Structure formats: C-alpha cells, structure tokens
file upload.pdb (PDB, N, CA and C atoms)
ATOM      1  N   MET A   1     -12.288 -22.882 -22.522
ATOM      2  CA  MET A   1     -12.107 -21.470 -22.800
ATOM      3  C   MET A   1     -10.922 -21.282 -23.735
ATOM      4  N   ASP A   2     -11.084 -20.477 -24.743
ATOM      5  CA  ASP A   2     -10.041 -20.222 -25.733
ATOM      6  C   ASP A   2      -9.121 -19.118 -25.229
ATOM      7  N   ASN A   3      -7.856 -19.433 -25.020
ATOM      8  CA  ASN A   3      -6.886 -18.452 -24.546
ATOM      9  C   ASN A   3      -6.026 -17.903 -25.664
ATOM     10  N   SER A   4      -6.375 -18.147 -26.893
ATOM     11  CA  SER A   4      -5.528 -17.729 -28.009
ATOM     12  C   SER A   4      -5.455 -16.219 -28.148
ATOM     13  N   GLY A   5      -6.493 -15.501 -27.680
ATOM     14  CA  GLY A   5      -6.506 -14.047 -27.805
ATOM     15  C   GLY A   5      -5.668 -13.355 -26.751
ATOM     16  N   GLY A   6      -5.396 -14.020 -25.657
ATOM     17  CA  GLY A   6      -4.589 -13.430 -24.601
ATOM     18  C   GLY A   6      -5.324 -12.341 -23.834
ATOM     19  N   ALA A   7      -4.591 -11.622 -23.014
ATOM     20  CA  ALA A   7      -5.171 -10.626 -22.134
ATOM     21  C   ALA A   7      -5.768  -9.454 -22.892
ATOM     22  N   PHE A   8      -5.242  -9.150 -24.073
ATOM     23  CA  PHE A   8      -5.722  -7.992 -24.807
ATOM     24  C   PHE A   8      -7.149  -8.148 -25.291
ATOM     25  N   GLU A   9      -7.574  -9.382 -25.498
ATOM     26  CA  GLU A   9      -8.931  -9.607 -25.961
ATOM     27  C   GLU A   9      -9.854 -10.034 -24.821
ATOM     28  N   GLY A  10      -9.332 -10.012 -23.602
ATOM     29  CA  GLY A  10     -10.149 -10.328 -22.447
ATOM     30  C   GLY A  10     -10.508 -11.786 -22.303
ATOM     31  N   THR A  11      -9.773 -12.659 -22.945
ATOM     32  CA  THR A  11     -10.103 -14.080 -22.870
ATOM     33  C   THR A  11      -9.220 -14.831 -21.884
ATOM     34  N   GLU A  12      -8.238 -14.160 -21.320
ATOM     35  CA  GLU A  12      -7.367 -14.821 -20.355
ATOM     36  C   GLU A  12      -8.058 -14.871 -18.998
ATOM     37  N   GLU A  13      -7.986 -16.013 -18.337
ATOM     38  CA  GLU A  13      -8.617 -16.140 -17.031
ATOM     39  C   GLU A  13      -7.898 -15.234 -16.032
ATOM     40  N   ARG A  14      -8.686 -14.631 -15.157
ATOM     41  CA  ARG A  14      -8.139 -13.757 -14.123
ATOM     42  C   ARG A  14      -7.631 -14.607 -12.962
ATOM     43  N   LYS A  15      -6.512 -14.168 -12.389
ATOM     44  CA  LYS A  15      -5.974 -14.832 -11.218
ATOM     45  C   LYS A  15      -6.611 -14.213  -9.983
ATOM     46  N   SER A  16      -6.701 -15.004  -8.938
ATOM     47  CA  SER A  16      -7.223 -14.479  -7.681
ATOM     48  C   SER A  16      -6.107 -13.690  -6.990
ATOM     49  N   PRO A  17      -6.473 -12.771  -6.113
ATOM     50  CA  PRO A  17      -5.443 -12.028  -5.365
ATOM     51  C   PRO A  17      -4.505 -12.958  -4.598
ATOM     52  N   MET A  18      -5.032 -14.067  -4.086
ATOM     53  CA  MET A  18      -4.200 -15.006  -3.340
ATOM     54  C   MET A  18      -3.195 -15.684  -4.260
ATOM     55  N   THR A  19      -3.598 -15.994  -5.484
ATOM     56  CA  THR A  19      -2.692 -16.596  -6.459
ATOM     57  C   THR A  19      -1.564 -15.616  -6.783
ATOM     58  N   ASP A  20      -1.916 -14.350  -6.951
ATOM     59  CA  ASP A  20      -0.896 -13.327  -7.213
ATOM     60  C   ASP A  20       0.076 -13.215  -6.045
ATOM     61  N   LEU A  21      -0.439 -13.214  -4.819
ATOM     62  CA  LEU A  21       0.436 -13.123  -3.647
ATOM     63  C   LEU A  21       1.391 -14.301  -3.569
ATOM     64  N   LEU A  22       0.873 -15.474  -3.817
ATOM     65  CA  LEU A  22       1.714 -16.666  -3.778
ATOM     66  C   LEU A  22       2.792 -16.604  -4.855
ATOM     67  N   ALA A  23       2.425 -16.153  -6.036
ATOM     68  CA  ALA A  23       3.406 -16.024  -7.124
ATOM     69  C   ALA A  23       4.469 -14.991  -6.758
ATOM     70  N   HIS A  24       4.044 -13.868  -6.181
ATOM     71  CA  HIS A  24       5.009 -12.840  -5.767
ATOM     72  C   HIS A  24       5.942 -13.399  -4.689
ATOM     73  N   PHE A  25       5.361 -14.125  -3.743
ATOM     74  CA  PHE A  25       6.148 -14.711  -2.659
ATOM     75  C   PHE A  25       7.192 -15.685  -3.220
ATOM     76  N   GLN A  26       6.765 -16.555  -4.108
ATOM     77  CA  GLN A  26       7.689 -17.521  -4.701
ATOM     78  C   GLN A  26       8.785 -16.829  -5.500
ATOM     79  N   THR A  27       8.448 -15.759  -6.181
ATOM     80  CA  THR A  27       9.456 -14.997  -6.926
ATOM     81  C   THR A  27      10.462 -14.376  -5.971
ATOM     82  N   LEU A  28       9.986 -13.804  -4.869
ATOM     83  CA  LEU A  28      10.898 -13.210  -3.878
ATOM     84  C   LEU A  28      11.840 -14.259  -3.297
ATOM     85  N   VAL A  29      11.308 -15.417  -2.977
ATOM     86  CA  VAL A  29      12.141 -16.499  -2.430
ATOM     87  C   VAL A  29      13.212 -16.886  -3.446
ATOM     88  N   ARG A  30      12.789 -17.064  -4.674
ATOM     89  CA  ARG A  30      13.721 -17.491  -5.729
ATOM     90  C   ARG A  30      14.782 -16.412  -6.001
ATOM     91  N   GLU A  31      14.344 -15.167  -6.165
ATOM     92  CA  GLU A  31      15.280 -14.121  -6.556
ATOM     93  C   GLU A  31      16.199 -13.671  -5.422
ATOM     94  N   THR A  32      15.719 -13.717  -4.182
ATOM     95  CA  THR A  32      16.572 -13.307  -3.061
ATOM     96  C   THR A  32      17.430 -14.446  -2.546
ATOM     97  N   ARG A  33      17.053 -15.678  -2.956
ATOM     98  CA  ARG A  33      17.751 -16.885  -2.488
ATOM     99  C   ARG A  33      17.743 -16.985  -0.957
ATOM    100  N   LYS A  34      16.637 -16.508  -0.368
ATOM    101  CA  LYS A  34      16.467 -16.600   1.084
ATOM    102  C   LYS A  34      15.453 -17.698   1.369
ATOM    103  N   PRO A  35      15.546 -18.288   2.550
ATOM    104  CA  PRO A  35      14.572 -19.322   2.917
ATOM    105  C   PRO A  35      13.154 -18.734   2.973
ATOM    106  N   GLU A  36      12.166 -19.589   2.699
ATOM    107  CA  GLU A  36      10.782 -19.143   2.735
ATOM    108  C   GLU A  36      10.427 -18.495   4.068
ATOM    109  N   ALA A  37      10.907 -19.070   5.162
ATOM    110  CA  ALA A  37      10.587 -18.543   6.494
ATOM    111  C   ALA A  37      11.108 -17.110   6.658
ATOM    112  N   GLU A  38      12.296 -16.841   6.129
ATOM    113  CA  GLU A  38      12.866 -15.496   6.242
ATOM    114  C   GLU A  38      12.080 -14.497   5.401
ATOM    115  N   VAL A  39      11.716 -14.892   4.191
ATOM    116  CA  VAL A  39      10.925 -14.011   3.333
ATOM    117  C   VAL A  39       9.563 -13.756   3.965
ATOM    118  N   MET A  40       8.954 -14.800   4.544
ATOM    119  CA  MET A  40       7.657 -14.640   5.209
ATOM    120  C   MET A  40       7.780 -13.698   6.407
ATOM    121  N   THR A  41       8.835 -13.816   7.171
ATOM    122  CA  THR A  41       9.054 -12.942   8.317
ATOM    123  C   THR A  41       9.220 -11.495   7.872
ATOM    124  N   LEU A  42      10.024 -11.288   6.827
ATOM    125  CA  LEU A  42      10.211  -9.933   6.304
ATOM    126  C   LEU A  42       8.897  -9.343   5.790
ATOM    127  N   ALA A  43       8.114 -10.161   5.103
ATOM    128  CA  ALA A  43       6.825  -9.700   4.581
ATOM    129  C   ALA A  43       5.889  -9.325   5.721
ATOM    130  N   PHE A  44       5.860 -10.137   6.747
ATOM    131  CA  PHE A  44       5.007  -9.854   7.901
ATOM    132  C   PHE A  44       5.435  -8.565   8.582
ATOM    133  N   GLN A  45       6.731  -8.420   8.834
ATOM    134  CA  GLN A  45       7.240  -7.217   9.483
ATOM    135  C   GLN A  45       6.930  -5.971   8.651
ATOM    136  N   THR A  46       7.146  -6.059   7.351
ATOM    137  CA  THR A  46       6.881  -4.936   6.455
ATOM    138  C   THR A  46       5.405  -4.574   6.473
ATOM    139  N   GLY A  47       4.547  -5.569   6.432
ATOM    140  CA  GLY A  47       3.104  -5.332   6.448
ATOM    141  C   GLY A  47       2.637  -4.679   7.734
ATOM    142  N   VAL A  48       3.132  -5.155   8.859
ATOM    143  CA  VAL A  48       2.740  -4.571  10.144
ATOM    144  C   VAL A  48       3.234  -3.132  10.239
ATOM    145  N   ARG A  49       4.468  -2.877   9.804
ATOM    146  CA  ARG A  49       4.986  -1.495   9.818
ATOM    147  C   ARG A  49       4.118  -0.581   8.968
ATOM    148  N   GLN A  50       3.739  -1.044   7.777
ATOM    149  CA  GLN A  50       2.918  -0.228   6.883
ATOM    150  C   GLN A  50       1.545   0.037   7.503
ATOM    151  N   LEU A  51       0.921  -1.000   8.057
ATOM    152  CA  LEU A  51      -0.380  -0.819   8.683
ATOM    153  C   LEU A  51      -0.306   0.145   9.866
ATOM    154  N   TRP A  52       0.752   0.041  10.659
ATOM    155  CA  TRP A  52       0.923   0.937  11.807
ATOM    156  C   TRP A  52       1.123   2.377  11.334
ATOM    157  N   ARG A  53       1.912   2.550  10.293
ATOM    158  CA  ARG A  53       2.152   3.891   9.742
ATOM    159  C   ARG A  53       0.841   4.494   9.226
ATOM    160  N   GLU A  54       0.064   3.698   8.506
ATOM    161  CA  GLU A  54      -1.208   4.180   7.988
ATOM    162  C   GLU A  54      -2.165   4.542   9.119
ATOM    163  N   ARG A  55      -2.180   3.743  10.166
ATOM    164  CA  ARG A  55      -3.015   4.033  11.331
ATOM    165  C   ARG A  55      -2.574   5.331  11.979
ATOM    166  N   THR A  56      -1.275   5.503  12.149
ATOM    167  CA  THR A  56      -0.744   6.714  12.763
ATOM    168  C   THR A  56      -1.109   7.942  11.942
ATOM    169  N   LEU A  57      -0.913   7.874  10.631
ATOM    170  CA  LEU A  57      -1.221   9.022   9.776
ATOM    171  C   LEU A  57      -2.713   9.325   9.776
ATOM    172  N   ALA A  58      -3.552   8.308   9.786
ATOM    173  CA  ALA A  58      -4.999   8.532   9.849
ATOM    174  C   ALA A  58      -5.382   9.214  11.158
ATOM    175  N   ARG A  59      -4.789   8.779  12.256
ATOM    176  CA  ARG A  59      -5.072   9.410  13.553
ATOM    177  C   ARG A  59      -4.625  10.867  13.552
ATOM    178  N   TYR A  60      -3.492  11.147  12.945
ATOM    179  CA  TYR A  60      -3.014  12.533  12.845
ATOM    180  C   TYR A  60      -3.978  13.381  12.021
ATOM    181  N   LEU A  61      -4.377  12.882  10.862
ATOM    182  CA  LEU A  61      -5.257  13.653   9.986
ATOM    183  C   LEU A  61      -6.639  13.861  10.605
ATOM    184  N   ARG A  62      -7.058  12.963  11.500
ATOM    185  CA  ARG A  62      -8.337  13.132  12.204
ATOM    186  C   ARG A  62      -8.196  14.009  13.437
ATOM    187  N   GLY A  63      -6.947  14.429  13.752
ATOM    188  CA  GLY A  63      -6.721  15.288  14.911
ATOM    189  C   GLY A  63      -6.635  14.551  16.228
ATOM    190  N   GLU A  64      -6.445  13.245  16.184
ATOM    191  CA  GLU A  64      -6.383  12.450  17.409
ATOM    192  C   GLU A  64      -5.009  12.491  18.062
ATOM    193  N   ILE A  65      -3.979  12.752  17.278
ATOM    194  CA  ILE A  65      -2.622  12.899  17.818
ATOM    195  C   ILE A  65      -1.997  14.146  17.198
ATOM    196  N   SER A  66      -0.974  14.654  17.852
ATOM    197  CA  SER A  66      -0.309  15.862  17.367
ATOM    198  C   SER A  66       0.604  15.542  16.185
ATOM    199  N   ARG A  67       1.004  16.596  15.518
ATOM    200  CA  ARG A  67       1.937  16.438  14.401
ATOM    201  C   ARG A  67       3.254  15.857  14.901
ATOM    202  N   ASP A  68       3.709  16.342  16.047
ATOM    203  CA  ASP A  68       4.959  15.833  16.615
ATOM    204  C   ASP A  68       4.875  14.332  16.910
ATOM    205  N   GLU A  69       3.736  13.891  17.427
ATOM    206  CA  GLU A  69       3.559  12.464  17.692
ATOM    207  C   GLU A  69       3.565  11.667  16.384
ATOM    208  N   ALA A  70       2.918  12.207  15.369
ATOM    209  CA  ALA A  70       2.888  11.525  14.071
ATOM    210  C   ALA A  70       4.287  11.445  13.471
ATOM    211  N   VAL A  71       5.026  12.535  13.559
ATOM    212  CA  VAL A  71       6.400  12.551  13.031
ATOM    213  C   VAL A  71       7.250  11.521  13.775
ATOM    214  N   ALA A  72       7.097  11.458  15.094
ATOM    215  CA  ALA A  72       7.882  10.495  15.887
ATOM    216  C   ALA A  72       7.546   9.062  15.511
ATOM    217  N   ALA A  73       6.282   8.804  15.209
ATOM    218  CA  ALA A  73       5.860   7.430  14.923
ATOM    219  C   ALA A  73       6.046   7.034  13.468
ATOM    220  N   ALA A  74       5.822   7.976  12.531
ATOM    221  CA  ALA A  74       5.829   7.624  11.110
ATOM    222  C   ALA A  74       6.978   8.245  10.335
ATOM    223  N   GLY A  75       7.534   9.320  10.840
ATOM    224  CA  GLY A  75       8.608  10.006  10.131
ATOM    225  C   GLY A  75       8.090  11.251   9.417
ATOM    226  N   ILE A  76       8.941  12.248   9.334
ATOM    227  CA  ILE A  76       8.561  13.532   8.738
ATOM    228  C   ILE A  76       8.145  13.393   7.279
ATOM    229  N   ASP A  77       8.838  12.557   6.527
ATOM    230  CA  ASP A  77       8.499  12.409   5.103
ATOM    231  C   ASP A  77       7.080  11.898   4.915
ATOM    232  N   TRP A  78       6.680  10.912   5.703
ATOM    233  CA  TRP A  78       5.328  10.360   5.593
ATOM    234  C   TRP A  78       4.279  11.368   6.039
ATOM    235  N   VAL A  79       4.571  12.108   7.108
ATOM    236  CA  VAL A  79       3.625  13.122   7.587
ATOM    237  C   VAL A  79       3.447  14.209   6.530
ATOM    238  N   GLU A  80       4.541  14.677   5.959
ATOM    239  CA  GLU A  80       4.440  15.711   4.926
ATOM    240  C   GLU A  80       3.706  15.200   3.690
ATOM    241  N   LEU A  81       3.927  13.946   3.316
ATOM    242  CA  LEU A  81       3.203  13.363   2.189
ATOM    243  C   LEU A  81       1.707  13.313   2.486
ATOM    244  N   ALA A  82       1.340  12.888   3.682
ATOM    245  CA  ALA A  82      -0.077  12.823   4.065
ATOM    246  C   ALA A  82      -0.696  14.216   4.049
ATOM    247  N   GLU A  83       0.043  15.210   4.505
ATOM    248  CA  GLU A  83      -0.467  16.588   4.486
ATOM    249  C   GLU A  83      -0.688  17.082   3.059
ATOM    250  N   ARG A  84       0.263  16.784   2.178
ATOM    251  CA  ARG A  84       0.113  17.190   0.774
ATOM    252  C   ARG A  84      -1.066  16.481   0.111
ATOM    253  N   GLN A  85      -1.219  15.204   0.416
ATOM    254  CA  GLN A  85      -2.334  14.452  -0.150
ATOM    255  C   GLN A  85      -3.671  14.984   0.352
ATOM    256  N   ARG A  86      -3.739  15.315   1.631
ATOM    257  CA  ARG A  86      -4.980  15.879   2.180
ATOM    258  C   ARG A  86      -5.290  17.210   1.527
ATOM    259  N   GLU A  87      -4.279  18.049   1.371
ATOM    260  CA  GLU A  87      -4.471  19.356   0.735
ATOM    261  C   GLU A  87      -4.954  19.196  -0.708
ATOM    262  N   ALA A  88      -4.365  18.273  -1.446
ATOM    263  CA  ALA A  88      -4.783  18.037  -2.831
ATOM    264  C   ALA A  88      -6.214  17.528  -2.884
ATOM    265  N   MET A  89      -6.569  16.642  -1.965
ATOM    266  CA  MET A  89      -7.923  16.118  -1.924
ATOM    267  C   MET A  89      -8.916  17.222  -1.596
ATOM    268  N   MET A  90      -8.564  18.098  -0.672
ATOM    269  CA  MET A  90      -9.453  19.207  -0.312
ATOM    270  C   MET A  90      -9.624  20.176  -1.484
ATOM    271  N   GLU A  91      -8.549  20.425  -2.222
ATOM    272  CA  GLU A  91      -8.639  21.283  -3.405
ATOM    273  C   GLU A  91      -9.543  20.640  -4.462
ATOM    274  N   ASP A  92      -9.406  19.345  -4.677
ATOM    275  CA  ASP A  92     -10.254  18.637  -5.635
ATOM    276  C   ASP A  92     -11.720  18.677  -5.201
ATOM    277  N   LEU A  93     -11.958  18.492  -3.923
ATOM    278  CA  LEU A  93     -13.320  18.517  -3.403
ATOM    279  C   LEU A  93     -13.930  19.905  -3.577
ATOM    280  N   ALA A  94     -13.156  20.943  -3.273
ATOM    281  CA  ALA A  94     -13.646  22.311  -3.435
ATOM    282  C   ALA A  94     -13.963  22.583  -4.904
ATOM    283  N   TRP A  95     -13.107  22.114  -5.794
ATOM    284  CA  TRP A  95     -13.353  22.299  -7.226
ATOM    285  C   TRP A  95     -14.625  21.577  -7.643
ATOM    286  N   ALA A  96     -14.791  20.337  -7.179
ATOM    287  CA  ALA A  96     -15.960  19.548  -7.567
ATOM    288  C   ALA A  96     -17.254  20.173  -7.046
ATOM    289  N   LEU A  97     -17.183  20.837  -5.913
ATOM    290  CA  LEU A  97     -18.371  21.482  -5.336
ATOM    291  C   LEU A  97     -18.574  22.886  -5.875
ATOM    292  N   GLY A  98     -17.651  23.323  -6.741
ATOM    293  CA  GLY A  98     -17.771  24.629  -7.361
ATOM    294  C   GLY A  98     -17.472  25.797  -6.450
ATOM    295  N   GLU A  99     -16.651  25.553  -5.441
ATOM    296  CA  GLU A  99     -16.317  26.624  -4.488
ATOM    297  C   GLU A  99     -15.124  27.416  -4.951
TER     298      GLU A  99
END

call {"tool": "encode", "arguments": {"input": "upload.pdb", "output": "structure tokens"}}
result
Amino acid sequence: MDNSGGAFEGTEERKSPMTDLLAHFQTLVRETRKPEAEVMTLAFQTGVRQLWRERTLARYLRGEISRDEAVAAAGIDWVELAERQREAMMEDLAWALGE
C-alpha cells in the first residue's frame, strides 16, 4: 500500500480502537512519569465513575430516580447539563416533526 499521500488522500491505514487506546495509555505513562499500574488504576477508576454517572443520569431522565437522588450521585452540574441536553433534543425533535 502506498502511504505517500497520507491521511488527506485516504491512503493511510486506519488504526484499530485498541491500538489507539494502547498508544494513549503509553503516552500517559510517559508524560505523567507514573508507573503503568498506577495509570491503569486511574483509568479504571475514571471509567467506572463515568459509567456510573451516565447510568445515574439515564435513570433520572427516565424518571426512575428523583432529581435530588441524581444530584447526590452525579452532582448538580451533570444533572443540569443532562437537563439542558434533553431540552435541546426535544426542541430538535419537535422542529423535525414540524410541531
């Protein structure tokens, strides 16, 4: 395969998502000068927190938990962001349906 055209001409091979993750991980280890185990632990903790927050906000938006419960679990800023995003999506949907 000829790579002389680079990404702009679409001739560069695409990396897999796993290759990108590994490259990002190695960059974090190198730039933070932290051991791989510590960076992996931080990444895991961050990922679990994000997934839990997303789950909490989804449950709130579906009416499964109260706003107060969502605020306690995810924080007021995240709840307000989710509310604004839902409102914007509803406005877009109403526009698309011609309402």

call {"tool": "select_by_dssp", "arguments": {"input": "upload.pdb", "residues": "chain A", "states": "alpha helix (DSSP H)", "output": "MDAnalysis selection string"}}
result
chainID A and resid 17:32 36:61 67:74 76:96

call {"tool": "closest_residue", "arguments": {"input": "upload.pdb", "among": "A:Leu57, A:Ile65, A:Ala94, A:Met40", "to": "Leu81 in chain A", "atoms": "only C-alpha atoms"}}
result
A:Leu57

call {"tool": "atom_distance", "arguments": {"input": "upload.pdb", "atom1": "atom N of Arg53 in chain A", "atom2": "atom N of Trp78 in chain A"}}
result
10.7 Å

call {"tool": "atom_distance", "arguments": {"input": "upload.pdb", "atom1": "CA of Leu61 in chain A", "atom2": "atom N of Ala74 in chain A"}}
result
12.7 Å

call {"tool": "atom_distance", "arguments": {"input": "upload.pdb", "atom1": "CA of Arg55 in chain A", "atom2": "CA of Arg84 in chain A"}}
result
17.2 Å

call {"tool": "closest_residue", "arguments": {"input": "upload.pdb", "among": "A:Ala23, A:Ala73, A:Val79, A:Leu28", "to": "Trp52 in chain A", "atoms": "only C-alpha atoms"}}
result
A:Ala73

call {"tool": "axis_aligned_box", "arguments": {"input": "upload.pdb", "around": "range 87-98 of chain A", "padding_each_side": "8 Å", "output": "lines of an AutoDock Vina configuration file"}}
result
center_x = -11.4
center_y = 21.0
center_z = -3.1
size_x = 30.3
size_y = 25.7
size_z = 25.0
